[in-house]
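What follows is a single structure, written as structure tokens, with notes after it.
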Number of protein chains: 2
Amino acid sequence: MVSRTNTFIGEYHYSIDSKGRINIPAKFRQALSPDSDGTFVITRGLDQCVWIYPLEEWERIEDNLRSFTFLRPKERDFIRQIVRHATPTKYDKQGRVMIPATLQNIAALDDEVLIIGMLNKIEVWNPNIIDDRYDSFLDLTDEDYESFAAQIKL
Amino acid sequence: MVSRTNTFIGEYHYSIDSKGRINIPAKFRQALSPDSDGTFVITRGLDQCVWIYPLEEWERIEDNLRSFTFLRPKERDFIRQIVRHATPTKYDKQGRVMIPATLQNIAALDDEVLIIGMLNKIEVWNPNIIDDRYDSFLDLTDEDYESFAAQIKL
DNA sequence: TATAATTGTGGGTAACAGTGGGTAATTATC
DNA sequence: GATAATTACCCACTGTTACCCACAATTATA
């Protein structure tokens with residue numbers, strides 16, 4: 001049923017309720033490592049979406065970020081961007097987590113959300129935004145696509 | 001009478017039932033590697049059809065995808081495009097799997113389906129669509145055949 | 001040829017997943 | 001310190017899904 005721990009694939013069309021909560025898909029909860037103890041870290045994505053990491057995976061990222069020197073301003077900006085919005089959250093008995101208001105604004109989440117498993121993390125999108133992205137300005141050309149596809153041997 | 005594990009050839013004319021389930025041909029179930037534990041990963045094909053991978057084969061693809069970096073937008077877009085439609089599913093005691101509604105729409109599956117073994121994966125088609133495709137018999141030119149001939153000796 | 005096993009198909013039912021909302025506990029504000 | 005706002009916890013409802021039993025048709029076996 002579940003392939004690997006802390007690996008998420010597939011997409012789910014859910015909703016945010018009036019309290020700003022979204023459901024973590026059952027399959028994702030089952031995939032979460034026991035070490036993470038029901039805890040995810042919610043933060044800002046690099047695209048206009050919210051990223052949700054298993055606690056364990058987030059700690060690995062923290063370790064990597066520590067290897068930066070903080071000497072160059074761009075490095076500091078980058079790290080700050082990633083870290084400042086990060087919030088650890090345990091999901092409740094119904095399997096939901098609360099998305100901080102700041103992140104709801106950034107990702108323009110109102111009532112409907114699209115939840116996408118992205119291997120080591122989970123993405124939360126406004127469906128309209130991601131539709132637009134793939135309909136229009138996806139900068140992925142056919143050549144890009146073919147060369148990427150060749151690399152993974154579909 | 002199994003040739004090799006995780007290798008599928010031949011075609012089958014089956015049906016989708018009212019619950020959106022299709023039968024995995026018995027020969028294909030027997031070919032599935034024991035490691036996959038009765039689990040397939042159902043996803044979107046590059047043509048207008050559904051692809052079904054043995055879990056083990058899908059994990060190989062996942063591993064390849066993990067070599068991409070999430071820092072480059074193009075690579076994020078590509079990973080997302082591949083994984084968002086993928087769903088791991090165990091077949092039931094009758095040997096059936098459920099095809100997610102999204103994929104039924106994409107591949108225009110209603111009542112009849114054509115199941116085709118494509119070596120490392122299984123394809124599910126609407127029979128009409130694949131007929132049309134081969135009526136206009138693709139656009140395979142002599143040059144195409146020449147380039148294939150370099151790779152294979154029939 | 002008769003019998004048994006397997007295969008594809010249909011459908012009932014109990015468990016579970018997603019959603020809404022009430023109330024207590026915690027935190028923030030004045 | 002009192003009040004308001006927010007967050008966490010719990011109960012309840014509904015639709016979907018997973019599991020199970022059954023049957024007809026085909027294939028394999030004796």
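All residue names refer to the structure tokens as shown: chains lettered A, B, ... in order, residues numbered from 1 in each chain, ligands numbered from 1 in order.
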Residues of chain D within 9 Å of chain B, counting only C-alpha atoms (C1' of nucleotides), as a PyMOL selection string: chain D and resi 18-20
Residue contacts of stretch 102-109 of chain A (7 Å, only C-alpha atoms (C1' of nucleotides)) excluding same-chain residues fewer than 4 positions away, as a list in words: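 That gives Arg44, Gln48, Cys49, Val50, Val113, Trp125 and Asn126 of chain A.
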Filtering to N, CA and C atoms, could you give me those residues as a PDB file, in the first residue's frame?
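Contents of again.pdb, freshly written:
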ATOM      1  N   ARG A  44       7.264  28.141   3.578  1.00  0.00           N
ATOM      2  CA  ARG A  44       6.993  28.759   2.287  1.00  0.00           C
ATOM      3  C   ARG A  44       7.693  27.996   1.181  1.00  0.00           C
ATOM      4  N   GLN A  48       4.711  29.724  -5.790  1.00  0.00           N
ATOM      5  CA  GLN A  48       3.653  30.328  -4.976  1.00  0.00           C
ATOM      6  C   GLN A  48       2.773  29.249  -4.352  1.00  0.00           C
ATOM      7  N   CYS A  49       3.360  28.535  -3.409  1.00  0.00           N
ATOM      8  CA  CYS A  49       2.630  27.464  -2.737  1.00  0.00           C
ATOM      9  C   CYS A  49       3.245  27.257  -1.353  1.00  0.00           C
ATOM     10  N   VAL A  50       2.609  26.382  -0.574  1.00  0.00           N
ATOM     11  CA  VAL A  50       3.103  26.068   0.768  1.00  0.00           C
ATOM     12  C   VAL A  50       3.780  24.705   0.728  1.00  0.00           C
ATOM     13  N   VAL A 113      -8.149  23.800  -2.195  1.00  0.00           N
ATOM     14  CA  VAL A 113      -6.706  23.636  -2.332  1.00  0.00           C
ATOM     15  C   VAL A 113      -6.384  22.346  -3.082  1.00  0.00           C
ATOM     16  N   TRP A 125      -1.433  24.096  -3.040  1.00  0.00           N
ATOM     17  CA  TRP A 125      -1.638  25.117  -4.063  1.00  0.00           C
ATOM     18  C   TRP A 125      -3.080  25.618  -4.080  1.00  0.00           C
ATOM     19  N   ASN A 126      -3.242  26.833  -4.547  1.00  0.00           N
ATOM     20  CA  ASN A 126      -4.527  27.284  -5.032  1.00  0.00           C
ATOM     21  C   ASN A 126      -4.681  26.685  -6.436  1.00  0.00           C
TER      22      ASN A 126
END
Residues within 6 Å of stretch 74-89 of chain A, only C-alpha atoms (C1' of nucleotides), excluding chain neighbours under 2 positions, as JSON, numbers by chain: {"A": [39, 40, 41, 42, 43, 70, 72]}
For the selection just defined, write its residues with C-alpha atoms to a file, as a PDB file, in the first residue's frame.
ATOM      1  CA  THR A  39       4.671  16.243  13.097  1.00  0.00           C
ATOM      2  CA  PHE A  40       5.120  18.235   9.908  1.00  0.00           C
ATOM      3  CA  VAL A  41       6.987  21.478   9.325  1.00  0.00           C
ATOM      4  CA  ILE A  42       4.998  23.964   7.276  1.00  0.00           C
ATOM      5  CA  THR A  43       6.896  26.625   5.386  1.00  0.00           C
ATOM      6  CA  PHE A  70      26.444  33.519   6.342  1.00  0.00           C
ATOM      7  CA  ARG A  72      27.397  36.579   1.533  1.00  0.00           C
TER       8      ARG A  72
END
C-alpha RMSD, in-order pairing, chain A superimposed onto chain B: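 Between these identical-sequence chains, the C-alpha RMSD is 1.3 Å.
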Residues flagged strand (DSSP E) by DSSP in chain B, as number ranges by chain: B: 8-15, 21-23, 39-44, 50-54, 87-90, 96-98, 112-119, 121-125
Print the selection's residues with N, CA and C atoms to a file, as a short mmCIF file (atom, residue, chain, number, x, y, z; two decimals), in the first residue's frame.
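File produced: selection.cif:
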data_model
loop_
_atom_site.label_atom_id
_atom_site.label_comp_id
_atom_site.auth_asym_id
_atom_site.auth_seq_id
_atom_site.Cartn_x
_atom_site.Cartn_y
_atom_site.Cartn_z
N PHE B 8 5.67 -7.15 -19.38
CA PHE B 8 4.29 -7.34 -19.80
C PHE B 8 4.17 -7.20 -21.31
N ILE B 9 3.57 -8.20 -21.96
CA ILE B 9 3.28 -8.10 -23.39
C ILE B 9 1.89 -8.66 -23.67
N GLY B 10 1.34 -8.27 -24.82
CA GLY B 10 0.02 -8.74 -25.21
C GLY B 10 -1.06 -7.73 -24.88
N GLU B 11 -2.28 -7.98 -25.41
CA GLU B 11 -3.35 -7.03 -25.13
C GLU B 11 -4.63 -7.74 -24.71
N TYR B 12 -5.45 -7.05 -23.93
CA TYR B 12 -6.67 -7.63 -23.38
C TYR B 12 -7.82 -6.64 -23.50
N HIS B 13 -8.97 -7.15 -23.88
CA HIS B 13 -10.15 -6.32 -24.03
C HIS B 13 -11.04 -6.52 -22.80
N TYR B 14 -11.02 -5.58 -21.86
CA TYR B 14 -11.79 -5.72 -20.63
C TYR B 14 -12.79 -4.59 -20.48
N SER B 15 -13.35 -4.48 -19.28
CA SER B 15 -14.32 -3.40 -19.04
C SER B 15 -14.05 -2.74 -17.69
N ARG B 21 -13.35 0.30 -11.48
CA ARG B 21 -12.28 -0.69 -11.35
C ARG B 21 -12.01 -1.41 -12.66
N ILE B 22 -10.76 -1.77 -12.89
CA ILE B 22 -10.43 -2.64 -14.01
C ILE B 22 -9.65 -3.84 -13.50
N ASN B 23 -9.77 -4.91 -14.24
CA ASN B 23 -9.07 -6.14 -13.89
C ASN B 23 -7.64 -6.08 -14.43
N THR B 39 1.35 -4.60 -5.52
CA THR B 39 1.11 -3.16 -5.66
C THR B 39 1.57 -2.61 -7.00
N PHE B 40 0.69 -1.87 -7.63
CA PHE B 40 1.02 -1.14 -8.85
C PHE B 40 0.93 0.36 -8.59
N VAL B 41 1.63 1.14 -9.40
CA VAL B 41 1.48 2.58 -9.34
C VAL B 41 0.80 3.04 -10.62
N ILE B 42 -0.37 3.65 -10.45
CA ILE B 42 -1.18 4.08 -11.59
C ILE B 42 -0.90 5.55 -11.85
N THR B 43 -0.60 5.90 -13.09
CA THR B 43 -0.29 7.30 -13.37
C THR B 43 -0.68 7.65 -14.79
N ARG B 44 -0.40 8.90 -15.15
CA ARG B 44 -0.78 9.41 -16.44
C ARG B 44 0.27 9.03 -17.48
N VAL B 50 -3.59 5.60 -19.64
CA VAL B 50 -3.13 5.46 -18.26
C VAL B 50 -1.98 4.47 -18.23
N TRP B 51 -0.95 4.79 -17.44
CA TRP B 51 0.17 3.88 -17.28
C TRP B 51 0.11 3.21 -15.90
N ILE B 52 0.40 1.93 -15.88
CA ILE B 52 0.44 1.20 -14.62
C ILE B 52 1.80 0.53 -14.47
N TYR B 53 2.54 0.95 -13.46
CA TYR B 53 3.87 0.40 -13.20
C TYR B 53 3.85 -0.60 -12.04
N PRO B 54 4.68 -1.63 -12.09
CA PRO B 54 4.94 -2.39 -10.87
C PRO B 54 5.59 -1.46 -9.86
N THR B 87 -0.52 7.16 -8.22
CA THR B 87 -1.17 6.61 -7.03
C THR B 87 -0.81 5.14 -6.86
N PRO B 88 -0.22 4.76 -5.72
CA PRO B 88 0.04 3.34 -5.47
C PRO B 88 -1.24 2.64 -5.08
N THR B 89 -1.49 1.48 -5.64
CA THR B 89 -2.71 0.72 -5.36
C THR B 89 -2.43 -0.78 -5.36
N LYS B 90 -2.94 -1.44 -4.33
CA LYS B 90 -2.88 -2.89 -4.28
C LYS B 90 -4.09 -3.45 -4.99
N ARG B 96 -8.38 -6.71 -9.12
CA ARG B 96 -8.73 -5.43 -9.74
C ARG B 96 -8.08 -4.25 -9.04
N VAL B 97 -7.90 -3.16 -9.77
CA VAL B 97 -7.45 -1.90 -9.18
C VAL B 97 -8.44 -0.80 -9.56
N MET B 98 -8.51 0.22 -8.71
CA MET B 98 -9.39 1.36 -9.00
C MET B 98 -8.62 2.43 -9.75
N GLU B 112 -15.60 0.30 -21.94
CA GLU B 112 -14.63 -0.67 -22.46
C GLU B 112 -13.22 -0.11 -22.38
N VAL B 113 -12.27 -0.99 -22.08
CA VAL B 113 -10.87 -0.56 -22.09
C VAL B 113 -10.01 -1.61 -22.79
N LEU B 114 -8.92 -1.12 -23.35
CA LEU B 114 -7.95 -2.00 -23.96
C LEU B 114 -6.69 -1.94 -23.11
N ILE B 115 -6.28 -3.09 -22.61
CA ILE B 115 -5.11 -3.14 -21.74
C ILE B 115 -3.94 -3.72 -22.52
N ILE B 116 -2.87 -2.99 -22.58
CA ILE B 116 -1.73 -3.37 -23.42
C ILE B 116 -0.47 -3.52 -22.60
N GLY B 117 0.18 -4.64 -22.71
CA GLY B 117 1.48 -4.82 -22.07
C GLY B 117 2.55 -4.09 -22.84
N MET B 118 3.28 -3.20 -22.17
CA MET B 118 4.31 -2.39 -22.83
C MET B 118 5.67 -2.63 -22.16
N LEU B 119 6.04 -3.91 -22.04
CA LEU B 119 7.31 -4.30 -21.46
C LEU B 119 7.39 -3.95 -19.98
N LYS B 121 5.78 -1.62 -18.35
CA LYS B 121 4.57 -1.03 -17.79
C LYS B 121 3.35 -1.55 -18.52
N ILE B 122 2.17 -1.19 -18.01
CA ILE B 122 0.90 -1.59 -18.62
C ILE B 122 0.16 -0.34 -19.04
N GLU B 123 -0.40 -0.35 -20.24
CA GLU B 123 -1.18 0.80 -20.70
C GLU B 123 -2.66 0.48 -20.71
N VAL B 124 -3.48 1.49 -20.36
CA VAL B 124 -4.93 1.33 -20.44
C VAL B 124 -5.49 2.39 -21.37
N TRP B 125 -6.16 1.94 -22.43
CA TRP B 125 -6.67 2.85 -23.47
C TRP B 125 -8.18 2.74 -23.59
#
Which of B:Gly95, B:Glu146, B:Asn120, B:Ser67 sits closest to chain C [using only C-alpha atoms (C1' of nucleotides)]: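 Closest residue, counting only C-alpha atoms (C1' of nucleotides): B:Gly95.
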Between atom C1' of D:DT26 and atom C1' of C:DA4, distance in Å (one decimal):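 Distance reported for this atom pair: 12.6 Å.
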For chain B, the nearest of the candidates C:DG18, C:DT29, C:DA24, C:DT9, counting only C-alpha atoms (C1' of nucleotides):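 Closest to chain B, using only C-alpha atoms (C1' of nucleotides): C:DT9.
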Residues near C:DG22, cut-off 12 Å, only C-alpha atoms (C1' of nucleotides), skip fewer than 6 positions along chain, as a list in words: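 Those residues are DC9, DC10, DC11 and DA12 of chain D.
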Counting only C-alpha atoms (C1' of nucleotides), chain C residues within 12 Å of chain A, as a PyMOL selection string: chain C and resi 16-21
Would you write out those residues with N, CA and C atoms (P, O5', C5', C4', C3', O3' and C1' of nucleotides), as an mmCIF file, in the first residue's frame?
data_model
loop_
_atom_site.group_PDB
_atom_site.id
_atom_site.type_symbol
_atom_site.label_atom_id
_atom_site.label_comp_id
_atom_site.auth_asym_id
_atom_site.auth_seq_id
_atom_site.Cartn_x
_atom_site.Cartn_y
_atom_site.Cartn_z
ATOM 1 P P DC C 16 -11.124 0.778 10.159
ATOM 2 O "O5'" DC C 16 -10.982 2.019 9.173
ATOM 3 C "C5'" DC C 16 -10.735 1.768 7.795
ATOM 4 C "C4'" DC C 16 -10.951 3.021 6.989
ATOM 5 C "C3'" DC C 16 -10.362 4.281 7.639
ATOM 6 O "O3'" DC C 16 -9.578 4.944 6.681
ATOM 7 C "C1'" DC C 16 -12.585 4.668 6.940
ATOM 8 P P DA C 17 -8.496 6.057 7.152
ATOM 9 O "O5'" DA C 17 -8.688 7.171 6.046
ATOM 10 C "C5'" DA C 17 -9.192 6.795 4.768
ATOM 11 C "C4'" DA C 17 -9.931 7.959 4.154
ATOM 12 C "C3'" DA C 17 -9.340 9.320 4.531
ATOM 13 O "O3'" DA C 17 -9.261 10.142 3.387
ATOM 14 C "C1'" DA C 17 -11.636 9.231 5.135
ATOM 15 P P DG C 18 -8.534 11.570 3.507
ATOM 16 O "O5'" DG C 18 -9.751 12.586 3.550
ATOM 17 C "C5'" DG C 18 -10.541 12.759 2.380
ATOM 18 C "C4'" DG C 18 -11.722 13.652 2.683
ATOM 19 C "C3'" DG C 18 -11.356 15.079 3.143
ATOM 20 O "O3'" DG C 18 -12.100 15.988 2.356
ATOM 21 C "C1'" DG C 18 -12.891 14.080 4.644
ATOM 22 P P DT C 19 -11.968 17.597 2.555
ATOM 23 O "O5'" DT C 19 -13.154 17.947 3.564
ATOM 24 C "C5'" DT C 19 -14.500 17.708 3.159
ATOM 25 C "C4'" DT C 19 -15.444 18.093 4.270
ATOM 26 C "C3'" DT C 19 -15.189 19.473 4.883
ATOM 27 O "O3'" DT C 19 -16.302 20.295 4.602
ATOM 28 C "C1'" DT C 19 -15.633 17.824 6.546
ATOM 29 P P DG C 20 -16.271 21.833 5.025
ATOM 30 O "O5'" DG C 20 -17.190 21.873 6.335
ATOM 31 C "C5'" DG C 20 -18.432 21.191 6.330
ATOM 32 C "C4'" DG C 20 -19.072 21.279 7.705
ATOM 33 C "C3'" DG C 20 -18.887 22.639 8.397
ATOM 34 O "O3'" DG C 20 -20.157 23.129 8.795
ATOM 35 C "C1'" DG C 20 -18.231 20.858 9.839
ATOM 36 P P DG C 21 -20.316 24.577 9.377
ATOM 37 O "O5'" DG C 21 -20.283 24.340 10.953
ATOM 38 C "C5'" DG C 21 -21.089 23.309 11.511
ATOM 39 C "C4'" DG C 21 -20.668 23.028 12.930
ATOM 40 C "C3'" DG C 21 -20.420 24.282 13.790
ATOM 41 O "O3'" DG C 21 -21.077 24.114 15.026
ATOM 42 C "C1'" DG C 21 -18.676 22.774 14.027
#
Backbone DSSP call of alpha helix (DSSP H) for stretch 3-146 of chain A, listed as an MDAnalysis selection string: chainID A and resid 26:31 55:66 73:83 101:106 127:135 142:146
Among listed residues B:Ile61, B:Asp142, B:Gly20, B:Glu56, nearest chain A (using only C-alpha atoms): B:Ile61
Exercise: D:DA28 partners within 12 Å, only C-alpha atoms (C1' of nucleotides), chain neighbours under 4 positions left out, as a PDB file with N, CA and C atoms (P, O5', C5', C4', C3', O3' and C1' of nucleotides), in the first residue's frame:
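result_13.pdb, freshly written:
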ATOM      1  P    DT C   3     -18.946 -35.521 -13.267  1.00  0.00           P
ATOM      2  O5'  DT C   3     -17.688 -34.772 -12.670  1.00  0.00           O
ATOM      3  C5'  DT C   3     -16.509 -35.522 -12.344  1.00  0.00           C
ATOM      4  C4'  DT C   3     -15.388 -34.570 -11.981  1.00  0.00           C
ATOM      5  C3'  DT C   3     -15.786 -33.456 -11.013  1.00  0.00           C
ATOM      6  O3'  DT C   3     -14.912 -33.475  -9.896  1.00  0.00           O
ATOM      7  C1'  DT C   3     -14.611 -32.573 -12.866  1.00  0.00           C
ATOM      8  P    DA C   4     -15.127 -32.528  -8.639  1.00  0.00           P
ATOM      9  O5'  DA C   4     -13.883 -31.541  -8.740  1.00  0.00           O
ATOM     10  C5'  DA C   4     -12.580 -32.080  -8.915  1.00  0.00           C
ATOM     11  C4'  DA C   4     -11.627 -30.985  -9.344  1.00  0.00           C
ATOM     12  C3'  DA C   4     -11.653 -29.731  -8.461  1.00  0.00           C
ATOM     13  O3'  DA C   4     -10.332 -29.404  -8.087  1.00  0.00           O
ATOM     14  C1'  DA C   4     -11.946 -29.127 -10.736  1.00  0.00           C
ATOM     15  P    DA C   5     -10.033 -28.312  -6.988  1.00  0.00           P
ATOM     16  O5'  DA C   5      -9.438 -27.121  -7.846  1.00  0.00           O
ATOM     17  C5'  DA C   5      -8.335 -27.381  -8.708  1.00  0.00           C
ATOM     18  C4'  DA C   5      -8.150 -26.230  -9.677  1.00  0.00           C
ATOM     19  C3'  DA C   5      -8.054 -24.856  -9.000  1.00  0.00           C
ATOM     20  O3'  DA C   5      -6.859 -24.237  -9.420  1.00  0.00           O
ATOM     21  C1'  DA C   5      -9.629 -24.816 -10.789  1.00  0.00           C
ATOM     22  P    DT C   6      -6.409 -22.826  -8.791  1.00  0.00           P
ATOM     23  O5'  DT C   6      -6.701 -21.809  -9.979  1.00  0.00           O
ATOM     24  C5'  DT C   6      -6.329 -22.171 -11.301  1.00  0.00           C
ATOM     25  C4'  DT C   6      -6.958 -21.216 -12.291  1.00  0.00           C
ATOM     26  C3'  DT C   6      -6.858 -19.742 -11.889  1.00  0.00           C
ATOM     27  O3'  DT C   6      -6.253 -19.026 -12.952  1.00  0.00           O
ATOM     28  C1'  DT C   6      -9.061 -20.285 -12.562  1.00  0.00           C
ATOM     29  P    DT C   7      -5.875 -17.482 -12.809  1.00  0.00           P
ATOM     30  O5'  DT C   7      -7.029 -16.766 -13.637  1.00  0.00           O
ATOM     31  C5'  DT C   7      -7.360 -17.203 -14.946  1.00  0.00           C
ATOM     32  C4'  DT C   7      -8.562 -16.434 -15.456  1.00  0.00           C
ATOM     33  C3'  DT C   7      -8.536 -14.951 -15.085  1.00  0.00           C
ATOM     34  O3'  DT C   7      -8.685 -14.153 -16.252  1.00  0.00           O
ATOM     35  C1'  DT C   7     -10.631 -15.930 -14.518  1.00  0.00           C
TER      36       DT C   7
END
